[in-house]
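Q: Below you'll find target_19.txt; it's compact mmCIF, C-alpha atoms.
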# COMPACT_ATOMS: atom_id res chain seq x y z
CA MET A 1 4.88 21.70 -57.31
CA CYS A 2 7.83 20.69 -55.18
CA SER A 3 7.34 23.56 -52.72
CA ILE A 4 3.63 22.79 -52.35
CA HIS A 5 4.37 19.11 -51.72
CA PHE A 6 7.02 20.06 -49.15
CA LEU A 7 4.57 22.37 -47.35
CA LYS A 8 1.95 19.63 -47.27
CA ASP A 9 4.48 17.19 -45.73
CA LYS A 10 5.51 19.73 -43.10
CA THR A 11 1.88 20.42 -42.22
CA GLN A 12 1.18 16.73 -41.80
CA GLN A 13 4.27 16.31 -39.67
CA MET A 14 3.24 19.22 -37.44
CA ALA A 15 -0.27 17.79 -37.07
CA LEU A 16 1.14 14.40 -36.09
CA PHE A 17 3.51 16.02 -33.61
CA LEU A 18 0.71 18.02 -32.00
CA ALA A 19 -1.50 14.93 -31.77
CA PHE A 20 1.32 12.97 -30.14
CA PHE A 21 2.06 15.84 -27.72
CA LEU A 22 -1.59 16.12 -26.66
CA MET A 23 -1.74 12.36 -26.16
CA LEU A 24 1.26 12.56 -23.83
CA LEU A 25 -0.36 15.37 -21.86
CA ALA A 26 -3.58 13.39 -21.47
CA SER A 27 -1.64 10.32 -20.41
CA ALA A 28 0.38 12.30 -17.86
CA ALA A 29 -2.83 13.72 -16.37
CA ALA A 30 -4.53 10.35 -16.16
CA ASP A 31 -1.78 7.97 -15.03
CA CYS A 32 0.55 8.40 -12.10
CA THR A 33 1.64 6.82 -8.87
CA ASN A 34 0.20 9.23 -6.33
CA CYS A 35 -3.35 10.45 -6.99
CA VAL A 36 -4.43 13.09 -4.47
CA HIS A 37 -7.84 12.58 -2.85
CA HIS A 38 -9.95 14.81 -0.63
CA SER A 39 -11.95 13.73 2.41
CA LYS A 40 -12.68 14.56 6.01
CA THR A 41 -10.84 12.67 8.70
CA LYS A 42 -11.31 12.03 12.39
CA TYR A 43 -9.43 10.08 15.00
CA LEU A 44 -9.78 7.41 17.63
CA ALA A 45 -7.55 6.71 20.60
CA ASP A 46 -4.43 4.80 19.51
CA GLU A 47 -5.83 1.64 21.02
CA GLY A 48 -9.22 2.44 19.46
CA ILE A 49 -8.13 1.54 15.91
CA PRO A 50 -9.10 -2.14 15.74
CA TYR A 51 -6.87 -4.66 14.01
CA GLY A 52 -9.21 -7.51 13.11
CA ALA A 53 -9.78 -6.95 9.39
CA CYS A 54 -6.09 -6.97 8.47
CA GLY A 55 -5.16 -9.58 11.06
CA TYR A 56 -2.20 -7.67 12.50
CA GLY A 57 -3.33 -7.93 16.10
CA TYR A 58 -1.30 -5.86 18.53
CA LEU A 59 1.66 -5.93 16.15
CA ALA A 60 -0.08 -2.95 14.52
CA GLU A 61 0.86 -0.80 17.50
CA SER A 62 4.52 -1.30 16.64
CA PHE A 63 4.06 0.00 13.10
CA ASN A 64 5.22 3.52 12.34
CA GLY A 65 5.16 4.81 15.91
CA LYS A 66 1.40 4.10 16.22
CA LYS A 67 0.63 6.33 13.22
CA ILE A 68 -1.93 3.94 11.76
CA ALA A 69 -5.35 4.21 10.12
CA GLY A 70 -8.56 2.40 9.29
CA ALA A 71 -9.45 2.53 5.59
CA HIS A 72 -12.84 2.75 3.92
CA THR A 73 -13.86 0.00 1.49
CA SER A 74 -12.77 2.12 -1.50
CA ILE A 75 -9.19 2.05 -0.18
CA TYR A 76 -9.22 -1.28 1.65
CA GLN A 77 -9.77 -3.28 -1.56
CA ASN A 78 -10.68 -6.56 0.17
CA GLY A 79 -7.51 -6.41 2.22
CA ALA A 80 -5.07 -5.76 -0.64
CA ARG A 81 -4.19 -2.40 0.95
CA CYS A 82 -3.46 -3.75 4.42
CA GLY A 83 -0.03 -2.39 5.26
CA ALA A 84 -0.21 0.31 2.55
CA CYS A 85 1.22 3.74 3.35
CA TYR A 86 -0.56 7.06 2.84
CA GLN A 87 0.54 10.65 3.26
CA VAL A 88 -2.24 12.59 5.00
CA ILE A 89 -2.30 16.38 5.11
CA CYS A 90 -4.73 18.53 7.10
CA THR A 91 -5.76 21.48 4.90
CA ARG A 92 -5.82 24.03 7.75
CA ALA A 93 -2.64 25.92 6.98
CA THR A 94 -2.70 27.77 10.34
CA LEU A 95 -2.67 24.52 12.28
CA CYS A 96 -1.03 21.89 10.08
CA THR A 97 2.29 21.34 8.36
CA GLU A 98 2.59 21.20 4.59
CA GLU A 99 4.01 17.66 4.63
CA GLY A 100 1.45 16.18 7.05
CA THR A 101 2.33 12.67 8.20
CA THR A 102 2.45 9.08 6.98
CA VAL A 103 0.01 6.41 8.16
CA ILE A 104 -0.15 2.65 7.62
CA VAL A 105 -3.50 0.96 6.95
CA THR A 106 -4.26 -1.64 9.63
CA GLU A 107 -8.06 -1.94 9.52
CA HIS A 108 -11.23 -1.74 7.42
CA ILE A 109 -13.89 0.85 8.32
CA THR A 110 -17.45 1.31 7.04
CA ASP A 111 -17.88 4.95 8.12
CA ASN A 112 -19.10 6.71 4.96
CA THR A 113 -18.18 10.17 6.26
CA THR A 114 -14.45 9.60 5.80
CA ASP A 115 -11.95 7.62 3.73
CA LEU A 116 -9.46 7.23 6.58
CA ILE A 117 -9.89 7.25 10.35
CA LEU A 118 -6.57 8.02 12.01
CA SER A 119 -5.11 7.01 15.33
CA ARG A 120 -4.81 9.88 17.80
CA THR A 121 -1.04 9.87 17.33
CA ALA A 122 -1.36 10.16 13.55
CA PHE A 123 -3.99 12.91 13.76
CA ALA A 124 -1.80 14.99 16.08
CA ALA A 125 1.26 14.40 13.85
CA MET A 126 -0.36 16.49 11.09
CA ALA A 127 -0.16 19.58 13.30
CA ILE A 128 2.45 22.30 13.48
CA GLU A 129 4.57 21.77 16.60
CA GLY A 130 2.80 23.25 19.60
CA ARG A 131 -0.67 23.19 18.00
CA GLU A 132 -1.44 19.50 18.44
CA LYS A 133 -4.01 20.07 21.22
CA ILE A 134 -5.88 22.66 19.16
CA LEU A 135 -6.06 20.27 16.21
CA LEU A 136 -7.17 17.37 18.41
CA SER A 137 -9.89 19.55 19.95
CA LEU A 138 -11.50 19.95 16.50
CA GLY A 139 -12.10 16.22 16.21
CA VAL A 140 -12.80 16.35 12.47
CA VAL A 141 -10.85 18.21 9.76
CA ASP A 142 -10.62 18.31 5.97
CA MET A 143 -7.64 16.43 4.61
CA GLN A 144 -5.90 15.50 1.40
CA TYR A 145 -4.19 12.17 1.07
CA LYS A 146 -2.27 10.07 -1.41
CA ARG A 147 -0.69 6.65 -1.42
CA ILE A 148 3.09 6.65 -1.13
CA PRO A 149 5.75 3.90 -1.09
CA CYS A 150 6.31 2.18 2.26
CA ASP A 151 9.90 2.20 3.43
CA PHE A 152 10.57 -0.24 6.27
CA LYS A 153 14.22 0.62 6.70
CA ASN A 154 14.87 -1.89 9.47
CA HIS A 155 12.80 -4.78 8.11
CA HIS A 156 12.66 -7.11 5.16
CA LEU A 157 9.41 -8.54 3.85
CA SER A 158 8.47 -11.12 6.50
CA LEU A 159 5.95 -13.86 7.20
CA ARG A 160 4.58 -14.66 10.65
CA VAL A 161 3.30 -18.20 11.15
CA GLU A 162 -0.12 -17.83 12.76
CA GLU A 163 -1.56 -19.72 15.73
CA SER A 164 -4.25 -21.28 13.53
CA SER A 165 -1.53 -23.24 11.70
CA ASN A 166 -1.25 -26.98 12.33
CA TYR A 167 2.24 -28.33 11.68
CA PRO A 168 3.05 -29.91 9.27
CA ASN A 169 -0.15 -29.98 7.19
CA TYR A 170 -1.77 -26.55 7.52
CA LEU A 171 0.17 -23.30 7.21
CA VAL A 172 -1.28 -19.86 7.88
CA VAL A 173 0.97 -16.82 7.45
CA LYS A 174 0.65 -13.10 7.95
CA VAL A 175 2.47 -10.77 5.54
CA LEU A 176 4.47 -8.06 7.30
CA TYR A 177 6.62 -5.12 6.20
CA GLN A 178 5.67 -5.08 2.52
CA GLY A 179 7.63 -2.21 1.01
CA GLY A 180 7.09 -0.16 -2.13
CA GLN A 181 3.69 0.89 -3.43
CA THR A 182 2.18 -2.40 -4.49
CA ASP A 183 -0.69 -4.79 -3.76
CA MET A 184 -0.12 -8.43 -2.89
CA ILE A 185 -2.24 -10.39 -5.36
CA GLY A 186 -0.93 -13.91 -4.85
CA ILE A 187 1.48 -16.08 -2.86
CA ASP A 188 2.88 -19.46 -3.92
CA VAL A 189 4.99 -21.86 -1.91
CA PHE A 190 7.29 -24.68 -3.00
CA GLN A 191 9.94 -26.94 -1.54
CA VAL A 192 13.40 -25.50 -2.06
CA GLY A 193 14.77 -26.96 -5.31
CA SER A 194 11.36 -28.17 -6.52
CA SER A 195 9.34 -26.88 -9.48
CA THR A 196 5.99 -27.98 -7.99
CA VAL A 197 4.17 -24.87 -6.80
CA THR A 198 1.23 -24.62 -4.37
CA SER A 199 -0.88 -21.45 -4.31
CA LEU A 200 -1.92 -20.04 -0.96
CA ARG A 201 -5.51 -18.97 -0.33
CA HIS A 202 -6.15 -15.34 0.63
CA ASN A 203 -8.13 -15.69 3.85
CA TYR A 204 -8.54 -11.98 4.61
CA GLY A 205 -6.44 -8.87 5.12
CA ALA A 206 -2.78 -9.84 5.36
CA ILE A 207 -3.55 -13.52 6.12
CA TRP A 208 -2.86 -16.34 3.62
CA SER A 209 -3.03 -20.12 4.06
CA THR A 210 -2.66 -23.56 2.50
CA ASN A 211 -3.57 -27.10 3.57
CA MET A 212 -1.20 -28.55 0.97
CA VAL A 213 2.13 -27.75 2.60
CA PRO A 214 5.16 -29.11 0.73
CA ASN A 215 7.74 -31.09 2.68
CA GLY A 216 11.12 -29.67 3.60
CA PRO A 217 12.30 -26.05 3.71
CA LEU A 218 9.87 -23.74 1.94
CA GLN A 219 10.52 -20.93 -0.52
CA PHE A 220 7.85 -18.38 -1.47
CA ARG A 221 6.90 -16.57 -4.66
CA PHE A 222 4.98 -13.32 -4.22
CA ALA A 223 2.80 -11.90 -7.00
CA ILE A 224 2.57 -8.11 -6.71
CA THR A 225 1.25 -5.24 -8.78
CA SER A 226 4.11 -3.39 -10.49
CA GLY A 227 3.83 -0.67 -13.11
CA TYR A 228 0.73 -1.53 -15.13
CA ASP A 229 1.11 -5.28 -14.70
CA LYS A 230 2.08 -7.89 -12.11
CA LYS A 231 5.49 -9.17 -11.13
CA PHE A 232 6.81 -12.23 -9.31
CA VAL A 233 9.27 -11.76 -6.45
CA TYR A 234 11.04 -14.78 -4.90
CA SER A 235 12.11 -15.02 -1.28
CA LYS A 236 15.83 -15.39 -0.64
CA ASN A 237 15.35 -17.00 2.74
CA ALA A 238 13.26 -20.11 3.32
CA LEU A 239 10.97 -21.26 6.09
CA PRO A 240 12.78 -24.12 7.81
CA ALA A 241 11.30 -27.58 7.46
CA ASP A 242 10.40 -27.46 11.17
CA TRP A 243 8.67 -24.05 11.01
CA LYS A 244 7.23 -22.87 14.32
CA ILE A 245 3.95 -21.16 15.21
CA GLY A 246 4.31 -17.57 16.40
CA VAL A 247 7.70 -17.01 14.74
CA ILE A 248 8.30 -14.17 12.26
CA TYR A 249 10.49 -15.33 9.36
CA ASP A 250 12.56 -12.82 7.39
CA MET A 251 12.24 -13.44 3.64
CA GLY A 252 15.56 -11.73 2.93
CA ILE A 253 14.09 -9.35 0.35
CA GLN A 254 12.30 -6.03 0.25
CA ILE A 255 9.79 -4.86 -2.36
CA LYS A 256 10.47 -1.44 -3.87
CA ASP A 257 8.16 -1.57 -6.90
CA ILE A 258 5.60 1.12 -7.72
CA SER A 259 2.14 0.50 -9.19
CA GLN A 260 0.79 2.84 -11.84
CA ILE A 261 -2.84 3.93 -11.49
CA SER A 262 -5.31 6.24 -13.22
CA CYS A 263 -5.98 9.52 -11.44
CA ASP A 264 -9.04 11.76 -11.55
CA PRO A 265 -8.30 14.53 -10.66
CA PRO A 266 -4.62 14.58 -11.75
CA CYS A 267 -1.68 13.77 -9.52
CA ASP A 268 -0.40 16.02 -6.72
CA ASN A 269 -3.28 18.49 -6.91
CA VAL A 270 -2.82 19.72 -3.33
CA ARG A 271 -4.80 22.72 -2.07
CA ARG A 272 -4.59 24.32 1.38
CA ASN A 273 -6.64 27.02 3.04
Render the structure in this file as structure tokens.
A:
Amino acid sequence: MCSIHFLKDKTQQMALFLAFFLMLLASAAADCTNCVHHSKTKYLADEGIPYGACGYGYLAESFNGKKIAGAHTSIYQNGARCGACYQVICTRATLCTEEGTTVIVTEHITDNTTDLILSRTAFAAMAIEGREKILLSLGVVDMQYKRIPCDFKNHHLSLRVEESSNYPNYLVVKVLYQGGQTDMIGIDVFQVGSSTVTSLRHNYGAIWSTNMVPNGPLQFRFAITSGYDKKFVYSKNALPADWKIGVIYDMGIQIKDISQISCDPPCDNVRRN
């Protein structure tokens, strides 16, 4: 009887182990940080990528050596992905490098034939050295792309006070240099040393505003996606009490968090021809 009971326990343990193992495999296939997607891509002249939807204006041309992109609605996410970084890889192995290039989203597009429209500079950067003109002559190619963390080595997260602000009662800011692989889902402002918090309104793209500006120097709290949840990040630097229109203020921090997402198909499923 003892041996039979022991065998039954071992069988149950093995069944539980297998069930747990299969669950881990399913989870690993479904959740990751860098789902690979497939689409066609085309390009516009560097100055042809408009900047209105994200609100970057001509600052966008200073991002990433002009390697920028317009994103379809499925990526744009009502402006939450403005400033997000994507690795784009042309699948023509005879013309393009295996690593492709990195682009930053600066605009919303409604072209249903592609997920990302690249600047000319970004499109050419996918090519093997010396084959840029051949790639550009094609105009449209198949690509694979995935979101990757942004790494603004020379910049902290910053806020630019926009021209539509009206000191001291109405503050409009543009979020710049958001690192990591996260979405900005909320911004709060409060007077340094105060516990009274005012939430900013998301106007569009990277633009946020409030008509209830606290007095004195201002500290900010940023709500971002992180892991499977959200996280609050506080600025180290404050906007001075006499904040000025047109000035970019360094928040003294950089975001390095990574959001977890569900992938279908699984992560890093890169194919080249």
Q: Write out as a tab-separated table the residues of segment 143-166 of chain A that have any atom within 8 Å of an atom of segment 89-92 of chain A, one row each with the nearest atom pair and its distance in Å to one decimal, counting only C-alpha atoms, sorted by chain and then rising number.
A:
residue	atom	partner	partner_atom	distance
A:Met143	CA	A:Cys90	CA	4.4
A:Gln144	CA	A:Ile89	CA	5.2
A:Tyr145	CA	A:Ile89	CA	6.1
Q: Identify, on the basis of only C-alpha atoms, every residue whose closest approach to segment 171-184 of chain A does not exceed 8 Å; exclude the query and any residue fewer than 2 positions from it along the same chain; express the result as a PyMOL selection string.
A: chain A and resi 55-56+80-81+83-85+147-152+155-169+186-187+206-211+213+222-226+254-259
Q: Just to confirm, what's the straight-line distance from atom CA of Gln260 of chain A to atom CA of Lys231 of chain A in Å (one decimal)?
A: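 For atom CA of Gln260 of chain A relative to atom CA of Lys231 of chain A, the distance reads 12.9 Å.
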Q: Which distance in Å separates atom CA of Lys236 of chain A and atom CA of Asn78 of chain A, to one decimal?
A: 28.0 Å
Q: If we count only C-alpha atoms and set the cut-off at 6 Å, which residues sit around segment 62-69 of chain A, ignoring sequence neighbours fewer than 3 positions away in its own chain? Please answer as a ChimeraX atom specification.
A: /A:59,103-106,117-119,121-122
Q: Which residues, written as a short mmCIF file (atom, residue, chain, number, x, y, z; two decimals) with C-alpha atoms, in the coordinates of the input, have at least one atom at most 12 Å from Leu136 of chain A, with only C-alpha atoms counted and residues fewer than 2 positions away on the same chain left out?
A:
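Saved as around-v3.cif:
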data_model
loop_
_atom_site.label_atom_id
_atom_site.label_comp_id
_atom_site.auth_asym_id
_atom_site.auth_seq_id
_atom_site.Cartn_x
_atom_site.Cartn_y
_atom_site.Cartn_z
CA THR A 41 -10.84 12.67 8.70
CA LYS A 42 -11.31 12.03 12.39
CA TYR A 43 -9.43 10.08 15.00
CA LEU A 44 -9.78 7.41 17.63
CA ALA A 45 -7.55 6.71 20.60
CA CYS A 90 -4.73 18.53 7.10
CA LEU A 95 -2.67 24.52 12.28
CA CYS A 96 -1.03 21.89 10.08
CA LEU A 118 -6.57 8.02 12.01
CA SER A 119 -5.11 7.01 15.33
CA ARG A 120 -4.81 9.88 17.80
CA THR A 121 -1.04 9.87 17.33
CA ALA A 122 -1.36 10.16 13.55
CA PHE A 123 -3.99 12.91 13.76
CA ALA A 124 -1.80 14.99 16.08
CA ALA A 125 1.26 14.40 13.85
CA MET A 126 -0.36 16.49 11.09
CA ALA A 127 -0.16 19.58 13.30
CA ILE A 128 2.45 22.30 13.48
CA GLY A 130 2.80 23.25 19.60
CA ARG A 131 -0.67 23.19 18.00
CA GLU A 132 -1.44 19.50 18.44
CA LYS A 133 -4.01 20.07 21.22
CA ILE A 134 -5.88 22.66 19.16
CA LEU A 138 -11.50 19.95 16.50
CA GLY A 139 -12.10 16.22 16.21
CA VAL A 140 -12.80 16.35 12.47
CA VAL A 141 -10.85 18.21 9.76
#
Q: One decimal, Å: what's the distance from atom CA of Ser39 of chain A over to atom CA of Glu98 of chain A, could you say?
A: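 Rounded to one decimal, the two atoms are 16.5 Å apart.
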Q: In terms of the shortest atom-to-atom distance over only C-alpha atoms, which of A:Lys40, A:Met212, A:Glu129, A:Ile185 is closest to Lys230 of chain A?
A: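 Looking only at the distances to Lys230 of chain A, the closest residue turns out to be A:Ile185.
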Q: Determine the nearest neighbour of Asn34 of chain A from the options A:Thr113, A:Asn203, A:Ser74, A:Ser262, counting only C-alpha atoms.
A: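 Closest candidate: A:Ser262.
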Q: Which is closer to Glu107 of chain A than all the others in A:Ile261, A:Glu61, A:Gly205, A:Ser137, using all atoms listed in the file?
A: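 Distance minimum relative to Glu107 of chain A lands on A:Gly205.
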Q: Just checking: using all atoms listed in the file, which residue out of A:Ile109, A:His72, A:Leu135, A:Val36 ends up closest to Gln87 of chain A?
A: A:Val36
